[in-house]
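**Q** Input file: query-v1.cif. Contents: mmCIF, C-alpha atoms.
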```
data_model
#
loop_
_atom_site.label_atom_id
_atom_site.label_comp_id
_atom_site.auth_asym_id
_atom_site.auth_seq_id
_atom_site.Cartn_x
_atom_site.Cartn_y
_atom_site.Cartn_z
CA MET N 12 209.79 209.90 140.84
CA PRO N 13 210.48 206.64 142.66
CA THR N 14 208.77 203.57 141.32
CA ILE N 15 205.58 202.62 143.09
CA CYS N 16 205.54 199.22 144.79
CA MET N 17 201.84 198.56 145.21
CA ALA N 18 200.95 199.71 141.74
CA ALA N 19 197.40 200.61 140.90
CA VAL N 20 195.57 198.48 138.37
CA GLN N 21 196.70 199.52 134.95
CA GLY N 22 194.77 197.29 132.64
CA GLU N 23 191.82 194.96 132.47
CA TYR N 24 191.68 191.85 130.32
CA THR N 25 188.89 189.38 129.83
CA ILE N 26 189.39 185.67 129.28
CA VAL N 27 186.27 183.79 128.26
CA ILE N 28 185.75 180.13 129.08
CA LYS N 29 183.49 178.42 126.57
CA ASP N 30 183.11 174.71 125.88
CA HIS N 31 185.90 174.20 128.45
CA LYS N 32 188.37 176.21 126.42
CA PHE N 33 189.92 179.60 126.99
CA GLU N 34 189.27 182.43 124.56
CA PRO N 35 191.81 183.82 123.84
CA GLU N 36 194.20 180.97 124.55
CA GLN N 37 197.10 183.35 124.31
CA LEU N 38 197.05 186.75 125.92
CA THR N 39 199.72 189.42 125.88
CA ILE N 40 200.05 191.83 128.76
CA PRO N 41 202.66 194.47 129.58
CA ALA N 42 205.44 193.74 132.07
CA ASN N 43 205.80 195.41 135.47
CA GLN N 44 202.16 196.34 135.74
CA LYS N 45 199.31 195.24 137.90
CA VAL N 46 196.64 193.74 135.69
CA LYS N 47 193.10 192.68 136.36
CA LEU N 48 191.94 189.50 134.66
CA VAL N 49 188.24 188.93 134.41
CA ILE N 50 187.54 185.26 133.84
CA ASP N 51 184.16 184.99 132.20
CA ASN N 52 182.90 181.44 132.49
CA GLN N 53 180.16 181.03 129.89
CA ASP N 54 179.85 177.29 130.44
CA SER N 55 177.13 176.05 132.72
CA THR N 56 179.64 174.18 134.89
CA PRO N 57 182.17 175.52 137.39
CA GLU N 58 185.81 175.77 136.41
CA GLU N 59 188.96 176.36 138.37
CA PHE N 60 191.34 178.87 136.86
CA GLU N 61 194.73 177.66 138.00
CA SER N 62 198.25 178.76 137.28
CA HIS N 63 201.34 177.68 139.14
CA ASP N 64 203.30 180.19 137.08
CA LEU N 65 201.11 183.07 138.21
CA LYS N 66 200.52 181.52 141.64
CA ARG N 67 196.80 181.94 141.33
CA GLU N 68 193.83 179.60 141.67
CA LYS N 69 190.22 180.48 141.62
CA ILE N 70 186.98 178.61 141.22
CA ILE N 71 184.52 180.28 138.89
CA GLN N 72 180.93 179.10 138.94
CA GLY N 73 179.07 178.31 135.75
CA ASN N 74 177.72 181.35 133.92
CA SER N 75 179.54 183.81 136.10
CA GLN N 76 182.68 185.87 136.28
CA GLY N 77 185.67 185.88 138.57
CA THR N 78 188.45 188.38 139.08
CA VAL N 79 192.12 187.49 139.30
CA MET N 80 194.72 190.17 139.96
CA VAL N 81 198.21 189.53 138.63
CA GLY N 82 201.46 191.39 138.40
CA PRO N 83 203.61 193.36 138.31
CA LEU N 84 205.28 190.55 136.34
CA THR N 85 208.63 190.11 134.70
CA PRO N 86 208.65 189.28 130.97
CA GLY N 87 208.06 185.65 130.10
CA ALA N 88 205.39 183.03 129.42
CA TYR N 89 202.95 182.17 132.18
CA HIS N 90 200.80 179.10 131.66
CA PHE N 91 197.33 178.59 133.07
CA VAL N 92 194.76 175.81 132.93
CA GLY N 93 191.18 175.10 133.82
CA GLU N 94 191.79 172.45 136.43
CA PHE N 95 188.42 170.80 136.01
CA HIS N 96 188.98 170.28 132.29
CA GLU N 97 192.71 170.19 132.00
CA ASP N 98 192.70 168.35 128.65
CA THR N 99 191.08 171.22 126.79
CA ALA N 100 191.30 174.31 128.96
CA LYS N 101 194.85 175.52 128.48
CA GLY N 102 196.24 178.96 127.92
CA VAL N 103 199.32 181.07 128.19
CA MET N 104 199.92 184.67 129.13
CA ILE N 105 202.82 186.38 127.44
CA VAL N 106 204.27 189.19 129.46
CA GLU N 107 206.17 191.67 127.31
CA GLN N 108 208.33 194.64 128.06
CA LYS N 109 206.59 197.69 126.71
CA GLU N 110 208.54 199.89 124.32
CA GLU N 111 208.89 203.33 125.80
CA MET D 192 187.51 158.07 134.61
CA PHE D 193 191.18 158.83 135.06
CA SER D 194 190.89 162.58 135.06
CA ILE D 195 188.34 162.50 137.86
CA ALA D 196 190.40 159.93 139.76
CA ILE D 197 193.45 162.19 139.56
CA VAL D 198 191.67 165.31 140.77
CA ILE D 199 189.97 163.49 143.64
CA PHE D 200 193.22 161.76 144.53
CA ARG D 201 195.02 165.11 144.75
CA GLU D 202 192.50 166.61 147.12
CA MET D 203 192.14 163.46 149.21
CA PHE D 204 195.92 163.14 149.38
CA GLU D 205 196.17 166.56 151.06
CA ILE D 206 193.39 165.84 153.52
CA ALA D 207 194.80 162.39 154.31
CA LEU D 208 198.34 163.63 154.95
CA ILE D 209 197.19 166.23 157.45
CA VAL D 210 194.74 163.92 159.19
CA GLY D 211 197.38 161.17 159.25
CA VAL D 212 199.90 163.34 161.06
CA LEU D 213 197.24 164.70 163.43
CA MET D 214 196.10 161.20 164.32
CA ALA D 215 199.66 160.16 165.08
CA ALA D 216 200.32 163.36 167.00
CA THR D 217 197.35 162.93 169.28
CA ARG D 218 198.02 159.31 170.00
CA GLY D 219 196.90 158.49 173.48
CA LEU D 220 193.91 160.80 173.56
CA ARG D 221 190.70 159.02 174.24
CA LYS D 222 188.10 158.73 171.50
CA ARG D 223 190.13 160.68 169.01
CA GLY D 224 189.03 158.44 166.15
CA GLN D 225 185.42 159.34 166.81
CA TRP D 226 186.20 163.04 166.94
CA VAL D 227 188.14 162.85 163.71
CA MET D 228 185.05 161.26 162.15
CA VAL D 229 182.92 164.09 163.51
CA GLY D 230 185.37 166.49 161.91
CA VAL D 231 185.27 164.70 158.56
CA LEU D 232 181.47 164.70 158.50
CA GLY D 233 181.33 168.35 159.54
CA GLY D 234 183.85 169.19 156.84
CA ILE D 235 181.83 167.42 154.15
CA ALA D 236 178.65 169.24 155.18
CA GLY D 237 180.56 172.52 155.18
CA SER D 238 182.02 171.82 151.71
CA VAL D 239 178.60 171.33 150.20
CA LEU D 240 177.39 174.51 151.88
CA ILE D 241 180.34 176.56 150.63
CA ALA D 242 180.07 175.13 147.12
CA PHE D 243 176.43 176.20 147.18
CA PHE D 244 177.31 179.76 148.12
CA ALA D 245 180.50 179.84 146.04
CA ASP D 246 179.26 182.54 143.75
CA ARG D 247 178.30 184.88 146.56
CA ILE D 248 181.58 184.23 148.37
CA SER D 249 183.46 184.94 145.17
CA GLN D 250 181.78 188.31 144.74
CA ALA D 251 182.52 189.35 148.32
CA ALA D 252 185.52 191.50 149.26
CA GLU D 253 185.59 193.18 145.85
CA GLY D 254 185.85 189.89 144.00
CA MET D 255 188.52 188.55 146.33
CA GLY D 256 186.16 186.67 148.66
CA GLN D 257 187.50 183.24 147.74
CA GLU D 258 191.10 184.24 148.42
CA MET D 259 190.13 185.84 151.73
CA LEU D 260 188.11 182.81 152.82
CA ASN D 261 190.98 180.46 151.96
CA ALA D 262 193.44 182.61 153.87
CA ILE D 263 191.17 182.81 156.91
CA ILE D 264 190.51 179.06 156.96
CA LEU D 265 194.24 178.37 156.66
CA LEU D 266 195.10 180.78 159.46
CA ILE D 267 192.46 179.41 161.82
CA THR D 268 193.60 175.85 161.06
CA ALA D 269 197.21 176.84 161.68
CA ILE D 270 196.37 178.46 165.02
CA LEU D 271 194.35 175.46 166.18
CA ILE D 272 197.06 172.98 165.17
CA GLY D 273 199.59 175.19 166.87
CA TRP D 274 197.51 175.19 169.99
CA THR D 275 197.21 171.40 169.87
CA VAL D 276 200.99 171.03 169.51
CA LEU D 277 201.51 173.29 172.51
CA TRP D 278 199.06 171.26 174.53
CA MET D 279 200.73 168.03 173.47
CA SER D 280 204.16 169.40 174.27
CA ARG D 281 202.99 170.24 177.74
CA HIS D 282 201.32 166.92 178.35
CA GLY D 283 203.63 164.85 176.18
CA ARG D 284 205.47 163.32 179.09
CA GLU D 285 202.22 162.32 180.76
CA LEU D 286 200.91 160.84 177.52
CA THR D 287 204.12 158.96 176.85
CA GLN D 288 204.10 157.42 180.30
CA HIS D 289 200.51 156.35 179.97
CA LEU D 290 201.13 154.88 176.56
CA LYS D 291 204.16 153.00 177.80
CA ARG D 292 202.33 151.60 180.78
CA VAL D 293 199.07 150.54 179.23
CA GLY D 294 199.67 150.89 175.53
CA HIS D 295 196.31 152.37 174.69
CA SER D 296 194.31 155.53 174.99
CA VAL D 297 193.65 156.57 178.53
CA VAL D 298 194.38 160.22 178.76
CA LYS D 299 191.53 162.60 179.14
CA GLY D 300 192.03 165.36 176.67
CA GLU D 301 188.76 167.14 176.36
CA LYS D 302 190.16 170.35 174.93
CA PRO D 303 192.53 169.16 172.21
CA ILE D 304 190.11 166.48 171.14
CA HIS D 305 187.49 169.08 170.26
CA THR D 306 190.11 171.22 168.58
CA LEU D 307 191.18 168.17 166.60
CA ALA D 308 187.64 167.76 165.26
CA VAL D 309 187.54 171.41 164.19
CA VAL D 310 190.96 171.19 162.52
CA VAL D 311 189.92 168.10 160.59
CA ALA D 312 186.65 169.76 159.60
CA LEU D 313 188.45 172.85 158.29
CA THR D 314 190.96 170.73 156.38
CA VAL D 315 188.21 168.70 154.75
CA LEU D 316 186.33 171.92 154.06
CA ARG D 317 189.21 173.52 152.19
CA GLU D 318 189.77 170.63 149.81
CA GLY D 319 186.23 169.33 149.94
CA THR D 320 184.76 172.39 148.27
CA GLU D 321 186.88 171.69 145.22
CA ILE D 322 185.87 168.03 145.24
CA VAL D 323 182.18 168.97 145.38
CA MET D 324 182.44 171.53 142.57
CA PHE D 325 184.57 169.31 140.40
CA THR D 326 182.32 166.30 140.83
CA TYR D 327 179.25 168.39 140.13
CA SER D 328 180.92 169.80 137.03
CA ALA D 329 181.90 166.35 135.81
CA PHE D 330 178.38 165.01 136.29
CA VAL D 331 176.75 167.90 134.49
CA THR D 332 179.19 167.76 131.60
CA GLY D 333 177.87 164.27 131.10
CA GLY D 334 180.51 161.73 131.79
CA ARG D 335 179.18 158.21 132.15
CA PRO D 336 177.99 157.90 135.76
CA LEU D 337 179.72 154.55 136.28
CA ASP D 338 183.05 156.00 135.13
CA LEU D 339 182.61 158.97 137.41
CA ILE D 340 181.73 156.89 140.42
CA LEU D 341 184.61 154.48 139.83
CA GLY D 342 187.01 157.35 139.27
CA PHE D 343 185.79 159.08 142.39
CA LEU D 344 186.11 155.97 144.54
CA PHE D 345 189.49 155.05 143.12
CA GLY D 346 190.87 158.54 143.69
CA ALA D 347 189.41 158.83 147.17
CA PHE D 348 190.62 155.40 148.18
CA THR D 349 194.20 155.76 146.96
CA GLY D 350 194.45 159.31 148.31
CA GLY D 351 193.15 158.17 151.67
CA ALA D 352 195.50 155.19 151.69
CA VAL D 353 198.50 157.52 151.65
CA GLY D 354 197.31 159.05 154.91
CA VAL D 355 196.86 155.62 156.46
CA ILE D 356 200.38 154.60 155.39
CA LEU D 357 201.81 157.81 156.82
CA TYR D 358 199.94 157.25 160.06
CA TYR D 359 201.22 153.71 160.50
CA GLY D 360 204.70 154.86 159.55
CA LEU D 361 204.64 157.47 162.27
CA ILE D 362 203.12 155.11 164.80
CA LYS D 363 206.14 152.83 164.35
CA ILE D 364 208.32 155.51 165.87
CA PRO D 365 209.19 154.52 169.44
CA ILE D 366 206.74 156.01 171.94
CA LYS D 367 209.58 157.92 173.56
CA HIS D 368 210.08 159.97 170.44
CA ILE D 369 206.70 160.08 168.75
CA PHE D 370 205.43 163.35 170.22
CA ASN D 371 208.74 164.97 169.51
CA VAL D 372 208.68 163.88 165.87
CA THR D 373 205.06 164.77 165.29
CA SER D 374 205.47 168.12 167.02
CA TRP D 375 208.28 169.02 164.67
CA LEU D 376 206.30 167.82 161.69
CA LEU D 377 203.29 169.86 162.72
CA MET D 378 205.42 172.94 163.27
CA PHE D 379 206.58 172.82 159.66
CA LEU D 380 203.06 172.05 158.55
CA VAL D 381 201.74 175.10 160.41
CA ALA D 382 204.49 177.33 158.98
CA GLY D 383 203.57 176.07 155.51
CA MET D 384 199.90 176.86 156.11
CA VAL D 385 200.61 180.40 157.29
CA SER D 386 202.89 180.93 154.31
CA GLN D 387 200.18 179.62 151.98
CA ALA D 388 197.71 181.99 153.63
CA ALA D 389 200.15 184.83 152.94
CA GLY D 390 200.11 183.74 149.30
CA TYR D 391 196.31 184.06 149.20
CA LEU D 392 196.46 187.45 150.90
CA THR D 393 198.96 188.58 148.29
CA ALA D 394 196.63 187.33 145.56
CA ALA D 395 193.86 189.36 147.18
CA GLY D 396 196.09 192.43 147.18
CA LYS D 397 196.26 192.62 150.98
CA LEU D 398 199.95 191.84 151.33
CA PRO D 399 202.90 192.88 149.17
CA GLU D 400 205.08 190.19 147.62
CA LEU D 401 208.27 191.99 148.70
CA ILE D 402 210.25 189.92 146.23
CA PRO D 403 208.09 188.28 143.54
CA THR D 404 210.12 185.07 143.28
CA MET D 405 212.71 184.07 145.85
CA TRP D 406 213.69 180.97 143.89
CA ASP D 407 212.35 178.84 141.11
CA THR D 408 212.63 175.11 141.64
CA SER D 409 209.71 174.20 139.39
CA LYS D 410 212.02 172.30 137.02
CA LEU D 411 213.71 170.50 139.89
CA LEU D 412 210.66 169.57 141.92
CA SER D 413 207.28 170.54 140.54
CA GLU D 414 204.35 171.18 142.87
CA ASP D 415 202.38 169.04 140.46
CA SER D 416 204.49 165.98 141.17
CA LEU D 417 203.50 163.61 143.95
CA LEU D 418 206.65 164.29 145.96
CA GLY D 419 206.25 168.01 145.39
CA GLU D 420 202.71 167.96 146.70
CA PHE D 421 203.71 165.73 149.60
CA LEU D 422 206.40 168.18 150.68
CA GLN D 423 204.09 171.10 150.03
CA VAL D 424 201.47 169.79 152.43
CA LEU D 425 203.84 168.59 155.13
CA LEU D 426 206.67 171.10 155.01
CA GLY D 427 205.18 173.97 153.06
CA TYR D 428 207.35 173.48 149.99
CA ALA D 429 206.73 176.06 147.28
CA GLN D 430 208.36 176.02 143.86
CA ARG D 431 208.23 179.80 143.42
CA PRO D 432 207.63 181.47 146.76
CA SER D 433 207.45 185.20 147.12
CA GLY D 434 209.69 187.02 149.58
CA MET D 435 206.68 187.54 151.83
CA GLN D 436 205.93 183.82 151.90
CA VAL D 437 209.48 182.91 152.85
CA LEU D 438 209.55 185.61 155.52
CA VAL D 439 206.23 184.52 156.99
CA TYR D 440 207.34 180.88 156.95
CA ALA D 441 210.56 181.62 158.80
CA ALA D 442 208.86 183.94 161.29
CA THR D 443 206.13 181.41 162.07
CA LEU D 444 208.64 178.63 162.56
CA ALA D 445 210.78 180.76 164.86
CA ALA D 446 207.88 182.09 166.91
CA PHE D 447 206.26 178.70 167.18
CA GLY D 448 209.53 176.99 168.07
CA CYS D 449 210.04 179.43 170.91
CA LEU D 450 206.48 178.99 172.13
CA VAL D 451 206.83 175.21 172.22
CA LYS D 452 210.08 175.38 174.17
CA PHE D 453 208.84 178.07 176.46
CA TYR D 454 205.34 176.83 177.13
CA GLY D 455 206.19 173.16 176.86
CA GLU D 456 208.90 173.37 179.48
CA THR D 457 207.11 175.43 182.09
CA VAL D 458 205.74 172.17 183.44
CA LYS D 459 209.20 171.19 184.53
CA GLN D 460 209.57 174.37 186.55
CA GLN D 461 212.90 175.27 185.06
CA GLY D 462 214.14 178.72 185.88
CA GLY D 463 215.07 180.94 182.97
CA THR D 464 213.62 178.92 180.12
CA LYS D 465 215.37 179.54 176.86
CA CYS D 466 214.34 178.97 173.33
CA ILE D 467 217.52 177.16 172.44
CA SER D 468 217.48 174.44 175.08
CA SER D 469 217.08 170.94 173.74
CA THR D 470 213.92 168.97 174.10
CA ASN D 471 214.26 166.03 176.38
CA TRP D 472 210.94 164.36 176.75
#
```
Represent the structure contained in this file as structure tokens.

**A**
Amino acid sequence: MPTICMAAVQGEYTIVIKDHKFEPEQLTIPANQKVKLVIDNQDSTPEEFESHDLKREKIIQGNSQGTVMVGPLTPGAYHFVGEFHEDTAKGVMIVEQKEE
Amino acid sequence: MFSIAIVIFREMFEIALIVGVLMAATRGLRKRGQWVMVGVLGGIAGSVLIAFFADRISQAAEGMGQEMLNAIILLITAILIGWTVLWMSRHGRELTQHLKRVGHSVVKGEKPIHTLAVVVALTVLREGTEIVMFTYSAFVTGGRPLDLILGFLFGAFTGGAVGVILYYGLIKIPIKHIFNVTSWLLMFLVAGMVSQAAGYLTAAGKLPELIPTMWDTSKLLSEDSLLGEFLQVLLGYAQRPSGMQVLVYAATLAAFGCLVKFYGETVKQQGGTKCISSTNW
């Protein structure tokens, strides 16, 4: 079978924002897969999920959730921040090759 | 105070660069300052409105509403700027002559002047929404109001100053060349906007990346740096563009370049207009 280009979503991960910090701050996802990230902002203030590495930016209102689709990605570390609280809101996504 | 100043500066910087070039590009059009002000005010009102409905927008289009809205705003802005450039390229000679003769605004330009206001409004809208949400967030999180206000003003002022400097820099260009220079600048700016829109559409899952990363110059020139952001706004620089973004950029530039030559030169009644002929106004 040929590999599929526009891969269907193969996993869903939740990142919680609380007290202007990400939880978890480090997240591991498989390589070469399309992944859905649900950013759950539990603070009362809006936050902007931003990552130059992932080429994504998204404002998430206080006490609400936002969806960010990423991938398929090559293995490596992809950093992200909460742009409105860049001192504390930092995280990294580790993309790993899955063992077959 | 500094963190708010930096964020506000970043957003203002982007607005100011675009408005600065537009102001220089439309030199000679009557009352353009007033229309730019109308655009700014409209943009601010729109930002507050969008920030208010941010949650609903976010939920739209299967959670991709924000990406779609950004892409649409960018595309509309690009088309309107493109249209303005075409208009200017057609009337450039006229404008130049008027400017040379009287040295101030005399040309009636009803159509582009309204377009200019809309373009400015959309530009302010795009960055303004972030400013509104960030400022709101900062106030609620309980920074000291004086710090916030000072930070806000400092960021807005310095960001805006960059646009003013750019404008006066461009204005220094001899009248003979100014429309030529600004037209080129705006063409790159438009290509960058369309490419950025393609990035949002990819994020929303509407466009494939083709090649995930064409090159990685993030170590060489980061988009976070001042120069990186400057080039990003004006020329569409991206540190890690996807194949689709590069393709869209090149296609826009080529198509637009041809349009300007073609449409811009029809005034001169030249037979067999070609894309490659040199500009000579």

**Q** Around the point (185.4, 174.2, 122.4) (coordinates from the file), which residues reach within 12 Å if we count only C-alpha atoms? Answer as an MDAnalysis selection string.

**A** chainID N and resid 27:36 53:54 96 98:101

**Q** Print the selection's residues with C-alpha atoms to a file, as a compact mmCIF listing (two decimals), in the coordinates of the input.

**A**
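And here's again10.txt as it stands now:
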```txt
# COMPACT_ATOMS: atom_id res chain seq x y z
CA VAL N 27 186.27 183.79 128.26
CA ILE N 28 185.75 180.13 129.08
CA LYS N 29 183.49 178.42 126.57
CA ASP N 30 183.11 174.71 125.88
CA HIS N 31 185.90 174.20 128.45
CA LYS N 32 188.37 176.21 126.42
CA PHE N 33 189.92 179.60 126.99
CA GLU N 34 189.27 182.43 124.56
CA PRO N 35 191.81 183.82 123.84
CA GLU N 36 194.20 180.97 124.55
CA GLN N 53 180.16 181.03 129.89
CA ASP N 54 179.85 177.29 130.44
CA HIS N 96 188.98 170.28 132.29
CA ASP N 98 192.70 168.35 128.65
CA THR N 99 191.08 171.22 126.79
CA ALA N 100 191.30 174.31 128.96
CA LYS N 101 194.85 175.52 128.48
```

**Q** Find the residue from D:Ala252, D:Val385, D:Ala441, D:Ile356 that sits nearest to chain N; use only C-alpha atoms when measuring.

**A** D:Ala252

**Q** Could you write out as a PDB file with C-alpha atoms, in the coordinates of the input the residues that the PyMOL selection byres ((chain N) within 6 of (chain D)) matches in the shown file?

**A**
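Wrote it out as part-v2.pdb, contents follow:
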```pdb
ATOM      1  CA  THR N  56     179.640 174.180 134.890  1.00  0.00           C
ATOM      2  CA  PRO N  57     182.170 175.520 137.390  1.00  0.00           C
ATOM      3  CA  THR N  78     188.450 188.380 139.080  1.00  0.00           C
TER       4      THR N  78
END
```

**Q** Counting all atoms listed in the file, which residue out of N:Gln76, N:Ser62, N:Gln108, N:Gln21 sits closest to N:Glu94?

**A**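 Closest candidate: N:Ser62.
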
**Q** Enter the distance from atom CA of N:Glu68 to atom CA of D:Val239, in Å, rounded to one decimal.

**A**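 Result for atom CA of N:Glu68 versus atom CA of D:Val239: 19.3 Å, one decimal.
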
**Q** How many Å lie between atom CA of D:Leu208 and atom CA of D:Tyr358, rounded to one decimal?

**A** 8.3 Å

**Q** Report, in Å with one decimal, the straight-line distance from atom CA of D:Phe453 to atom CA of D:Ile263.

**A**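 Pair atom CA of D:Phe453 / atom CA of D:Ile263 returns 26.8 Å.
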
**Q** What does the PyMOL selection byres ((chain N and resi 46) around 12) select in this file, as number ranges by chain?

**A** N: 17-25, 39-45, 47-49, 65, 78-84, 104, 106; D: 394, 396

**Q** Set the distance at 9 Å and use only C-alpha atoms: which residues neighbour stretch 214-228 of chain D once local chain neighbours fewer than 3 positions away are removed? I'd like the list as a ChimeraX atom specification.

**A** /D:209-211,231-233,275-276,279,286-287,289-290,294-301,303-305,307-312,357-359,361-362,369-374,377

**Q** Is it possible to get the axis-aligned box enclosing stretch 382-401 of chain D (all listed atoms, 6 Å extra per side) as lines of an AutoDock Vina configuration file, with centre and edge lengths in Å rounded to one decimal?

**A**
```
center_x = 201.1
center_y = 184.5
center_z = 152.3
size_x = 26.4
size_y = 28.8
size_z = 25.4
```

**Q** Given the point (205.9, 171.0, 162.2) in the file's coordinates, find the residues that have an atom at most 10 Å from it, counting only C-alpha atoms, and give them as a short mmCIF file (atom, residue, chain, number, x, y, z; two decimals) with C-alpha atoms, in the coordinates of the input.

**A**
```cif
data_model
loop_
_atom_site.label_atom_id
_atom_site.label_comp_id
_atom_site.auth_asym_id
_atom_site.auth_seq_id
_atom_site.Cartn_x
_atom_site.Cartn_y
_atom_site.Cartn_z
CA VAL D 212 199.90 163.34 161.06
CA ILE D 272 197.06 172.98 165.17
CA GLY D 273 199.59 175.19 166.87
CA VAL D 276 200.99 171.03 169.51
CA ASN D 371 208.74 164.97 169.51
CA VAL D 372 208.68 163.88 165.87
CA THR D 373 205.06 164.77 165.29
CA SER D 374 205.47 168.12 167.02
CA TRP D 375 208.28 169.02 164.67
CA LEU D 376 206.30 167.82 161.69
CA LEU D 377 203.29 169.86 162.72
CA MET D 378 205.42 172.94 163.27
CA PHE D 379 206.58 172.82 159.66
CA LEU D 380 203.06 172.05 158.55
CA VAL D 381 201.74 175.10 160.41
CA ALA D 382 204.49 177.33 158.98
CA GLY D 383 203.57 176.07 155.51
CA LEU D 425 203.84 168.59 155.13
CA LEU D 426 206.67 171.10 155.01
CA GLY D 427 205.18 173.97 153.06
CA LEU D 444 208.64 178.63 162.56
CA PHE D 447 206.26 178.70 167.18
CA GLY D 448 209.53 176.99 168.07
#
```

**Q** Given only C-alpha atoms as the basis, pick out the residue of D:Leu337, D:Leu412, D:Leu213, D:Ile199 nearest to D:Tyr428.

**A** D:Leu412
